[in-house]
Amino acid sequence: MTQTEETDTAPVPPWRARTAILALGAFVVGTDGFIIVGLLPEISHTLDVSTGAAGQLVSLFSLAYAFSGPVLAALTGRWPRRRVLVVGVALLAAGNAVTASAHTYALVLASRVLAGAGAAMFMASAVATAAHLAGDKHRGRAIAMVTAGATLALVLGAPLGTFIGGAWGWQAAIWFVAAIAAVVAAVVAVLLPSVRLDQSTDLRERLAPLTDRRVLRVLVVTLFAFIGIFLPFTYMSAVFAPALDGSQDKLALLLMVFGVAATAGNLGAGALADRTDPRRVVIGATAGMVAVFLLMLAVREDFVLAAVATALSGVVSYAVMGPQQHRVITFAPAGGASLVTSLNTSAAYLGNFAASLIGAAVLTRSAALLLPVAAAFAAAACLLVWLLSRPGRAAAPGAPLPGDAERPAGRDGGPQENRTTAS
């Protein structure tokens, strides 16, 4: 026998307060992903490896996140969301605890894989749970709140972690992340309702979205967009080297400007996605990325203008992820919300990883060349969404729905996973 815990017509109030808890967890995930970058010199010295080898801690975290997310989402599909969230953030805490206490390079690498898997497990379920708790009317805002938590890590988490690392050593900064993650696990366990979103009966059914061309097209757009986003962001010091003149303070200011603007862009895009077709938001954001990246070519020697361009870049860049999550959820089959959102975040992390490789190759020729390359990837994402948004594209099986509309799978206009049950 089953009984209903949540319904698709009456989401549990207050959804904003509960989504804020999930946003705090996303903040921890984002901080863990960004904090290592500022600690690489100290880590390489302590572990007696090169800075490049220490940088593999970032790469392994991203790869573990990208590849473990969909698998873990499928394997835990029948778990209550609260259990998935608690276990995910607990794995993140455990991974960071091992990182901070390990004394060998190999063990530190392994710990980053564990942390990346926990981060992926938490984020995919957090997005799907927030979308459910808010209901169809506020889904975009709820998704934006969760992703804003990760964005705020750029503004607060990473700088604070870097400060702690400078004052008390890089291990103290990692312990800081582990401690916050443990607190989030306890808060989620106590305050979040027990919600079951997934109803699929076997692994094959949960993996069905991988065969849906509509889902795959959304993932390709996310991949291209995030390659474009992270090419100039990852190598910001090289892109704006003429304006920075070697000043770390100026670079830190640019990073903070980007983070604040990215948070605003993310929240604004979430509200727009609730009021209009999310694809239009993605098209506008990616087109804006093309314009801003090309503008950077003209202003990269003037710090004030570079700061303005960086702010514009943050707004349009982080206006992509929320609407993309909104879009991909509409294609989720029954029980597939967590899986498709994990696939989308995996695509974003793969974009981050690919950008680091492409950027390293481009830098051997010219730092300025990073900007047109980034603009090309953003343009490809924009063009793909636009082409697939035209009427008449839905004739083939698996193509976008007719009438230029992305409609949810559920009978009431929401994803089917909102018809939730508990064993």
# chains A, B, ... in the order shown; residues from 1 in each chain; ligands from 1
$ residues_around --residues "stretch 169-184 of chain A" --least-positions-apart "4" --cutoff "8 Å" --atoms "only C-alpha atoms" --output "number ranges by chain"
A: 21, 24-25, 28, 31-32, 39, 42-43, 89-90, 92-97, 99-101, 161-162, 164-165, 188
$ write_last_selection --atoms "N, CA, C and O atoms" --output "mmCIF file, in the first residue's frame"
data_model
loop_
_atom_site.group_PDB
_atom_site.id
_atom_site.type_symbol
_atom_site.label_atom_id
_atom_site.label_comp_id
_atom_site.auth_asym_id
_atom_site.auth_seq_id
_atom_site.Cartn_x
_atom_site.Cartn_y
_atom_site.Cartn_z
ATOM 1 N N ILE A 21 17.285 26.107 2.210
ATOM 2 C CA ILE A 21 18.141 25.067 2.790
ATOM 3 C C ILE A 21 18.928 24.366 1.692
ATOM 4 O O ILE A 21 20.138 24.118 1.809
ATOM 5 N N LEU A 24 21.710 26.517 0.462
ATOM 6 C CA LEU A 24 22.882 26.483 1.339
ATOM 7 C C LEU A 24 23.764 25.290 0.994
ATOM 8 O O LEU A 24 24.995 25.395 0.964
ATOM 9 N N GLY A 25 23.129 24.148 0.739
ATOM 10 C CA GLY A 25 23.906 22.987 0.314
ATOM 11 C C GLY A 25 24.607 23.233 -1.006
ATOM 12 O O GLY A 25 25.762 22.835 -1.197
ATOM 13 N N VAL A 28 27.739 25.137 -0.472
ATOM 14 C CA VAL A 28 28.851 24.287 -0.032
ATOM 15 C C VAL A 28 29.473 23.576 -1.233
ATOM 16 O O VAL A 28 30.693 23.504 -1.368
ATOM 17 N N THR A 31 31.433 26.119 -3.237
ATOM 18 C CA THR A 31 32.661 26.483 -2.528
ATOM 19 C C THR A 31 33.709 25.393 -2.671
ATOM 20 O O THR A 31 34.887 25.667 -2.914
ATOM 21 N N ASP A 32 33.281 24.128 -2.530
ATOM 22 C CA ASP A 32 34.222 23.014 -2.657
ATOM 23 C C ASP A 32 34.824 22.969 -4.055
ATOM 24 O O ASP A 32 36.006 22.669 -4.228
ATOM 25 N N LEU A 39 44.067 27.522 -3.585
ATOM 26 C CA LEU A 39 44.970 26.848 -2.649
ATOM 27 C C LEU A 39 46.044 26.015 -3.346
ATOM 28 O O LEU A 39 46.855 25.367 -2.671
ATOM 29 N N GLU A 42 49.884 26.208 -2.236
ATOM 30 C CA GLU A 42 50.154 25.608 -0.929
ATOM 31 C C GLU A 42 50.023 24.082 -0.972
ATOM 32 O O GLU A 42 50.810 23.356 -0.353
ATOM 33 N N ILE A 43 49.022 23.601 -1.702
ATOM 34 C CA ILE A 43 48.831 22.155 -1.811
ATOM 35 C C ILE A 43 50.016 21.508 -2.514
ATOM 36 O O ILE A 43 50.521 20.459 -2.085
ATOM 37 N N VAL A 89 25.510 15.128 0.671
ATOM 38 C CA VAL A 89 26.315 16.150 1.344
ATOM 39 C C VAL A 89 27.219 15.524 2.394
ATOM 40 O O VAL A 89 28.314 16.044 2.698
ATOM 41 N N ALA A 90 26.826 14.360 2.957
ATOM 42 C CA ALA A 90 27.691 13.656 3.905
ATOM 43 C C ALA A 90 28.926 13.099 3.192
ATOM 44 O O ALA A 90 30.047 13.134 3.733
ATOM 45 N N LEU A 92 30.229 14.445 0.568
ATOM 46 C CA LEU A 92 31.041 15.635 0.325
ATOM 47 C C LEU A 92 31.866 15.987 1.556
ATOM 48 O O LEU A 92 33.068 16.287 1.453
ATOM 49 N N ALA A 93 31.236 15.947 2.721
ATOM 50 C CA ALA A 93 31.948 16.242 3.964
ATOM 51 C C ALA A 93 33.054 15.230 4.210
ATOM 52 O O ALA A 93 34.188 15.595 4.586
ATOM 53 N N ALA A 94 32.748 13.952 3.992
ATOM 54 C CA ALA A 94 33.756 12.907 4.214
ATOM 55 C C ALA A 94 34.930 13.060 3.250
ATOM 56 O O ALA A 94 36.093 12.910 3.654
ATOM 57 N N GLY A 95 34.628 13.357 1.986
ATOM 58 C CA GLY A 95 35.702 13.550 1.009
ATOM 59 C C GLY A 95 36.629 14.676 1.392
ATOM 60 O O GLY A 95 37.855 14.566 1.292
ATOM 61 N N ASN A 96 36.059 15.784 1.881
ATOM 62 C CA ASN A 96 36.889 16.910 2.294
ATOM 63 C C ASN A 96 37.669 16.604 3.564
ATOM 64 O O ASN A 96 38.808 17.079 3.725
ATOM 65 N N ALA A 97 37.077 15.832 4.462
ATOM 66 C CA ALA A 97 37.805 15.442 5.666
ATOM 67 C C ALA A 97 39.035 14.612 5.313
ATOM 68 O O ALA A 97 40.114 14.798 5.897
ATOM 69 N N THR A 99 40.598 14.728 2.383
ATOM 70 C CA THR A 99 41.517 15.648 1.704
ATOM 71 C C THR A 99 42.361 16.412 2.714
ATOM 72 O O THR A 99 43.582 16.547 2.560
ATOM 73 N N ALA A 100 41.703 16.921 3.757
ATOM 74 C CA ALA A 100 42.403 17.753 4.739
ATOM 75 C C ALA A 100 43.367 16.959 5.610
ATOM 76 O O ALA A 100 44.364 17.513 6.103
ATOM 77 N N SER A 101 43.100 15.683 5.805
ATOM 78 C CA SER A 101 43.931 14.887 6.721
ATOM 79 C C SER A 101 44.931 13.984 6.005
ATOM 80 O O SER A 101 45.824 13.424 6.656
ATOM 81 N N GLY A 161 37.359 30.945 1.890
ATOM 82 C CA GLY A 161 38.217 29.768 1.998
ATOM 83 C C GLY A 161 39.664 30.092 1.716
ATOM 84 O O GLY A 161 40.577 29.596 2.396
ATOM 85 N N THR A 162 39.890 30.949 0.720
ATOM 86 C CA THR A 162 41.259 31.352 0.392
ATOM 87 C C THR A 162 41.883 32.138 1.545
ATOM 88 O O THR A 162 43.066 31.975 1.870
ATOM 89 N N ILE A 164 41.074 31.843 4.776
ATOM 90 C CA ILE A 164 41.357 30.875 5.844
ATOM 91 C C ILE A 164 42.625 30.090 5.514
ATOM 92 O O ILE A 164 43.473 29.852 6.389
ATOM 93 N N GLY A 165 42.757 29.691 4.244
ATOM 94 C CA GLY A 165 43.950 28.948 3.835
ATOM 95 C C GLY A 165 45.216 29.765 4.008
ATOM 96 O O GLY A 165 46.249 29.243 4.440
ATOM 97 N N VAL A 188 19.241 19.491 6.756
ATOM 98 C CA VAL A 188 18.371 18.823 5.786
ATOM 99 C C VAL A 188 17.627 17.666 6.441
ATOM 100 O O VAL A 188 16.423 17.474 6.234
#
$ residues_around --residues "A:Phe233" --least-positions-apart "6" --cutoff "12 Å" --atoms "only C-alpha atoms" --output "NGL selection string"
:A and (34 or 154 or 226-227 or 239-240 or 251 or 254-259 or 262 or 293 or 296 or 309-311 or 313-314 or 317-318 or 352 or 355-356 or 359 or 370-371 or 374)
$ atom_distance --atom1 "atom CA of A:Pro232" --atom2 "atom CA of A:Val290"
11.9 Å
$ residues_around --residues "A:Leu357" --least-positions-apart "2" --cutoff "12 Å" --atoms "only C-alpha atoms" --output "list in words"
Gln56, Ser59, Ile227, Phe230, Leu231, Thr234, Tyr235, Leu350, Gly351, Asn352, Phe353, Ala354, Ala355, Gly359, Ala360, Ala361, Val362, Leu363, Thr364 and Leu370 of chain A
$ residues_around --residues "A:Thr263" --least-positions-apart "5" --cutoff "10 Å" --atoms "only C-alpha atoms" --output "number ranges by chain"
A: 144-145, 147-155, 258, 268-269, 314-315, 318-319
$ write_last_selection --atoms "C-alpha atoms" --output "PDB file, in the first residue's frame"
ATOM      1  CA  ALA A 144      17.335  29.760  -9.616  1.00  0.00           C
ATOM      2  CA  MET A 145      17.535  29.879  -5.800  1.00  0.00           C
ATOM      3  CA  THR A 147      21.826  27.491  -8.484  1.00  0.00           C
ATOM      4  CA  ALA A 148      22.296  30.917  -6.886  1.00  0.00           C
ATOM      5  CA  GLY A 149      23.703  29.140  -3.863  1.00  0.00           C
ATOM      6  CA  ALA A 150      26.461  27.705  -6.034  1.00  0.00           C
ATOM      7  CA  THR A 151      26.994  31.089  -7.681  1.00  0.00           C
ATOM      8  CA  LEU A 152      27.375  32.813  -4.299  1.00  0.00           C
ATOM      9  CA  ALA A 153      30.316  30.518  -3.666  1.00  0.00           C
ATOM     10  CA  LEU A 154      32.210  32.709  -6.149  1.00  0.00           C
ATOM     11  CA  VAL A 155      31.470  35.810  -4.090  1.00  0.00           C
ATOM     12  CA  PHE A 258      31.675  38.457 -11.840  1.00  0.00           C
ATOM     13  CA  GLY A 268      16.626  37.234 -12.946  1.00  0.00           C
ATOM     14  CA  ALA A 269      16.678  34.397 -15.458  1.00  0.00           C
ATOM     15  CA  GLY A 314      28.457  37.349 -15.230  1.00  0.00           C
ATOM     16  CA  VAL A 315      24.849  38.400 -15.855  1.00  0.00           C
ATOM     17  CA  TYR A 318      24.711  32.562 -15.350  1.00  0.00           C
ATOM     18  CA  ALA A 319      21.353  33.299 -16.938  1.00  0.00           C
TER      19      ALA A 319
END
$ atom_distance --atom1 "atom CA of A:Asn344" --atom2 "atom CA of A:Met321"
8.6 Å
$ closest_residue --among "A:Ala380, A:Leu75, A:Val260, A:Leu60" --to "A:Phe224" --atoms "only C-alpha atoms"
A:Ala380
$ select_by_dssp --residues "stretch 3-180 of chain A" --states "alpha helix (DSSP H)" --output "ChimeraX atom specification"
/A:15-47,51-75,81-101,105-134,139-152,158-168,170-180
$ atom_distance --atom1 "atom CA of A:Ala225" --atom2 "atom CA of A:Gly265"
15.0 Å
$ closest_residue --among "A:Leu388, A:Val281, A:Val320, A:Ala243" --to "A:Arg300" --atoms "only C-alpha atoms"
A:Ala243
$ closest_atom_pairs --of "stretch 281-383 of chain A" --to "stretch 104-120 of chain A" --cutoff "12 Å" --atoms "only C-alpha atoms" --output "CSV"
residue,atom,partner,partner_atom,distance
A:Ser338,CA,A:Ala120,CA,10.6
A:Leu339,CA,A:Ala120,CA,10.8
A:Thr341,CA,A:Ala120,CA,10.1
A:Ser342,CA,A:Ala120,CA,7.0
A:Leu343,CA,A:Ala120,CA,9.7
A:Asn344,CA,A:Ala120,CA,10.8
A:Thr345,CA,A:Ala120,CA,8.0
A:Ser346,CA,A:Ala120,CA,7.9
A:Ala347,CA,A:Ala120,CA,11.6
A:Ala348,CA,A:Ala120,CA,11.5
A:Tyr349,CA,A:Ala120,CA,9.9
$ write_last_selection --atoms "all heavy atoms" --output "PDB file, in the first residue's frame"
ATOM      1  N   SER A 338      15.331  13.787 -11.253  1.00  0.00           N
ATOM      2  CA  SER A 338      16.680  13.840 -10.688  1.00  0.00           C
ATOM      3  C   SER A 338      17.725  13.414 -11.714  1.00  0.00           C
ATOM      4  O   SER A 338      18.828  13.959 -11.758  1.00  0.00           O
ATOM      5  CB  SER A 338      16.763  12.933  -9.458  1.00  0.00           C
ATOM      6  OG  SER A 338      15.934  13.415  -8.431  1.00  0.00           O
ATOM      7  N   LEU A 339      17.367  12.434 -12.555  1.00  0.00           N
ATOM      8  CA  LEU A 339      18.324  11.970 -13.550  1.00  0.00           C
ATOM      9  C   LEU A 339      18.607  13.037 -14.591  1.00  0.00           C
ATOM     10  O   LEU A 339      19.756  13.325 -14.901  1.00  0.00           O
ATOM     11  CB  LEU A 339      17.825  10.694 -14.232  1.00  0.00           C
ATOM     12  CG  LEU A 339      18.719  10.172 -15.357  1.00  0.00           C
ATOM     13  CD1 LEU A 339      20.119   9.871 -14.836  1.00  0.00           C
ATOM     14  CD2 LEU A 339      18.113   8.939 -16.001  1.00  0.00           C
ATOM     15  N   THR A 341      18.202  16.298 -14.436  1.00  0.00           N
ATOM     16  CA  THR A 341      18.918  17.445 -13.886  1.00  0.00           C
ATOM     17  C   THR A 341      20.376  17.106 -13.604  1.00  0.00           C
ATOM     18  O   THR A 341      21.261  17.949 -13.763  1.00  0.00           O
ATOM     19  CB  THR A 341      18.245  17.965 -12.608  1.00  0.00           C
ATOM     20  OG1 THR A 341      18.097  16.903 -11.665  1.00  0.00           O
ATOM     21  CG2 THR A 341      16.881  18.552 -12.913  1.00  0.00           C
ATOM     22  N   SER A 342      20.632  15.856 -13.206  1.00  0.00           N
ATOM     23  CA  SER A 342      22.027  15.455 -12.995  1.00  0.00           C
ATOM     24  C   SER A 342      22.773  15.395 -14.320  1.00  0.00           C
ATOM     25  O   SER A 342      23.950  15.752 -14.399  1.00  0.00           O
ATOM     26  CB  SER A 342      22.097  14.094 -12.291  1.00  0.00           C
ATOM     27  OG  SER A 342      21.717  13.040 -13.154  1.00  0.00           O
ATOM     28  N   LEU A 343      22.094  14.964 -15.385  1.00  0.00           N
ATOM     29  CA  LEU A 343      22.723  14.962 -16.706  1.00  0.00           C
ATOM     30  C   LEU A 343      23.079  16.378 -17.137  1.00  0.00           C
ATOM     31  O   LEU A 343      24.147  16.627 -17.718  1.00  0.00           O
ATOM     32  CB  LEU A 343      21.783  14.322 -17.731  1.00  0.00           C
ATOM     33  CG  LEU A 343      21.568  12.812 -17.642  1.00  0.00           C
ATOM     34  CD1 LEU A 343      20.430  12.383 -18.571  1.00  0.00           C
ATOM     35  CD2 LEU A 343      22.846  12.063 -17.996  1.00  0.00           C
ATOM     36  N   ASN A 344      22.189  17.314 -16.847  1.00  0.00           N
ATOM     37  CA  ASN A 344      22.435  18.696 -17.262  1.00  0.00           C
ATOM     38  C   ASN A 344      23.584  19.324 -16.487  1.00  0.00           C
ATOM     39  O   ASN A 344      24.436  20.023 -17.060  1.00  0.00           O
ATOM     40  CB  ASN A 344      21.160  19.524 -17.090  1.00  0.00           C
ATOM     41  CG  ASN A 344      21.183  20.799 -17.895  1.00  0.00           C
ATOM     42  OD1 ASN A 344      21.559  20.808 -19.065  1.00  0.00           O
ATOM     43  ND2 ASN A 344      20.785  21.889 -17.275  1.00  0.00           N
ATOM     44  N   THR A 345      23.637  19.085 -15.169  1.00  0.00           N
ATOM     45  CA  THR A 345      24.764  19.612 -14.405  1.00  0.00           C
ATOM     46  C   THR A 345      26.065  18.910 -14.803  1.00  0.00           C
ATOM     47  O   THR A 345      27.135  19.521 -14.802  1.00  0.00           O
ATOM     48  CB  THR A 345      24.532  19.454 -12.891  1.00  0.00           C
ATOM     49  OG1 THR A 345      24.170  18.103 -12.590  1.00  0.00           O
ATOM     50  CG2 THR A 345      23.418  20.375 -12.417  1.00  0.00           C
ATOM     51  N   SER A 346      25.976  17.632 -15.163  1.00  0.00           N
ATOM     52  CA  SER A 346      27.159  16.926 -15.652  1.00  0.00           C
ATOM     53  C   SER A 346      27.674  17.559 -16.932  1.00  0.00           C
ATOM     54  O   SER A 346      28.889  17.706 -17.125  1.00  0.00           O
ATOM     55  CB  SER A 346      26.830  15.451 -15.894  1.00  0.00           C
ATOM     56  OG  SER A 346      26.575  14.773 -14.690  1.00  0.00           O
ATOM     57  N   ALA A 347      26.752  17.941 -17.812  1.00  0.00           N
ATOM     58  CA  ALA A 347      27.160  18.602 -19.055  1.00  0.00           C
ATOM     59  C   ALA A 347      27.869  19.923 -18.766  1.00  0.00           C
ATOM     60  O   ALA A 347      28.858  20.279 -19.433  1.00  0.00           O
ATOM     61  CB  ALA A 347      25.939  18.836 -19.945  1.00  0.00           C
ATOM     62  N   ALA A 348      27.381  20.648 -17.753  1.00  0.00           N
ATOM     63  CA  ALA A 348      28.026  21.909 -17.378  1.00  0.00           C
ATOM     64  C   ALA A 348      29.437  21.663 -16.850  1.00  0.00           C
ATOM     65  O   ALA A 348      30.386  22.387 -17.191  1.00  0.00           O
ATOM     66  CB  ALA A 348      27.188  22.639 -16.331  1.00  0.00           C
ATOM     67  N   TYR A 349      29.610  20.638 -16.013  1.00  0.00           N
ATOM     68  CA  TYR A 349      30.935  20.333 -15.477  1.00  0.00           C
ATOM     69  C   TYR A 349      31.877  19.814 -16.559  1.00  0.00           C
ATOM     70  O   TYR A 349      33.080  20.083 -16.533  1.00  0.00           O
ATOM     71  CB  TYR A 349      30.827  19.342 -14.320  1.00  0.00           C
ATOM     72  CG  TYR A 349      30.686  20.022 -12.981  1.00  0.00           C
ATOM     73  CD1 TYR A 349      29.462  20.548 -12.569  1.00  0.00           C
ATOM     74  CD2 TYR A 349      31.771  20.175 -12.129  1.00  0.00           C
ATOM     75  CE1 TYR A 349      29.330  21.188 -11.349  1.00  0.00           C
ATOM     76  CE2 TYR A 349      31.651  20.817 -10.908  1.00  0.00           C
ATOM     77  CZ  TYR A 349      30.431  21.325 -10.530  1.00  0.00           C
ATOM     78  OH  TYR A 349      30.304  21.977  -9.320  1.00  0.00           O
TER      79      TYR A 349
END
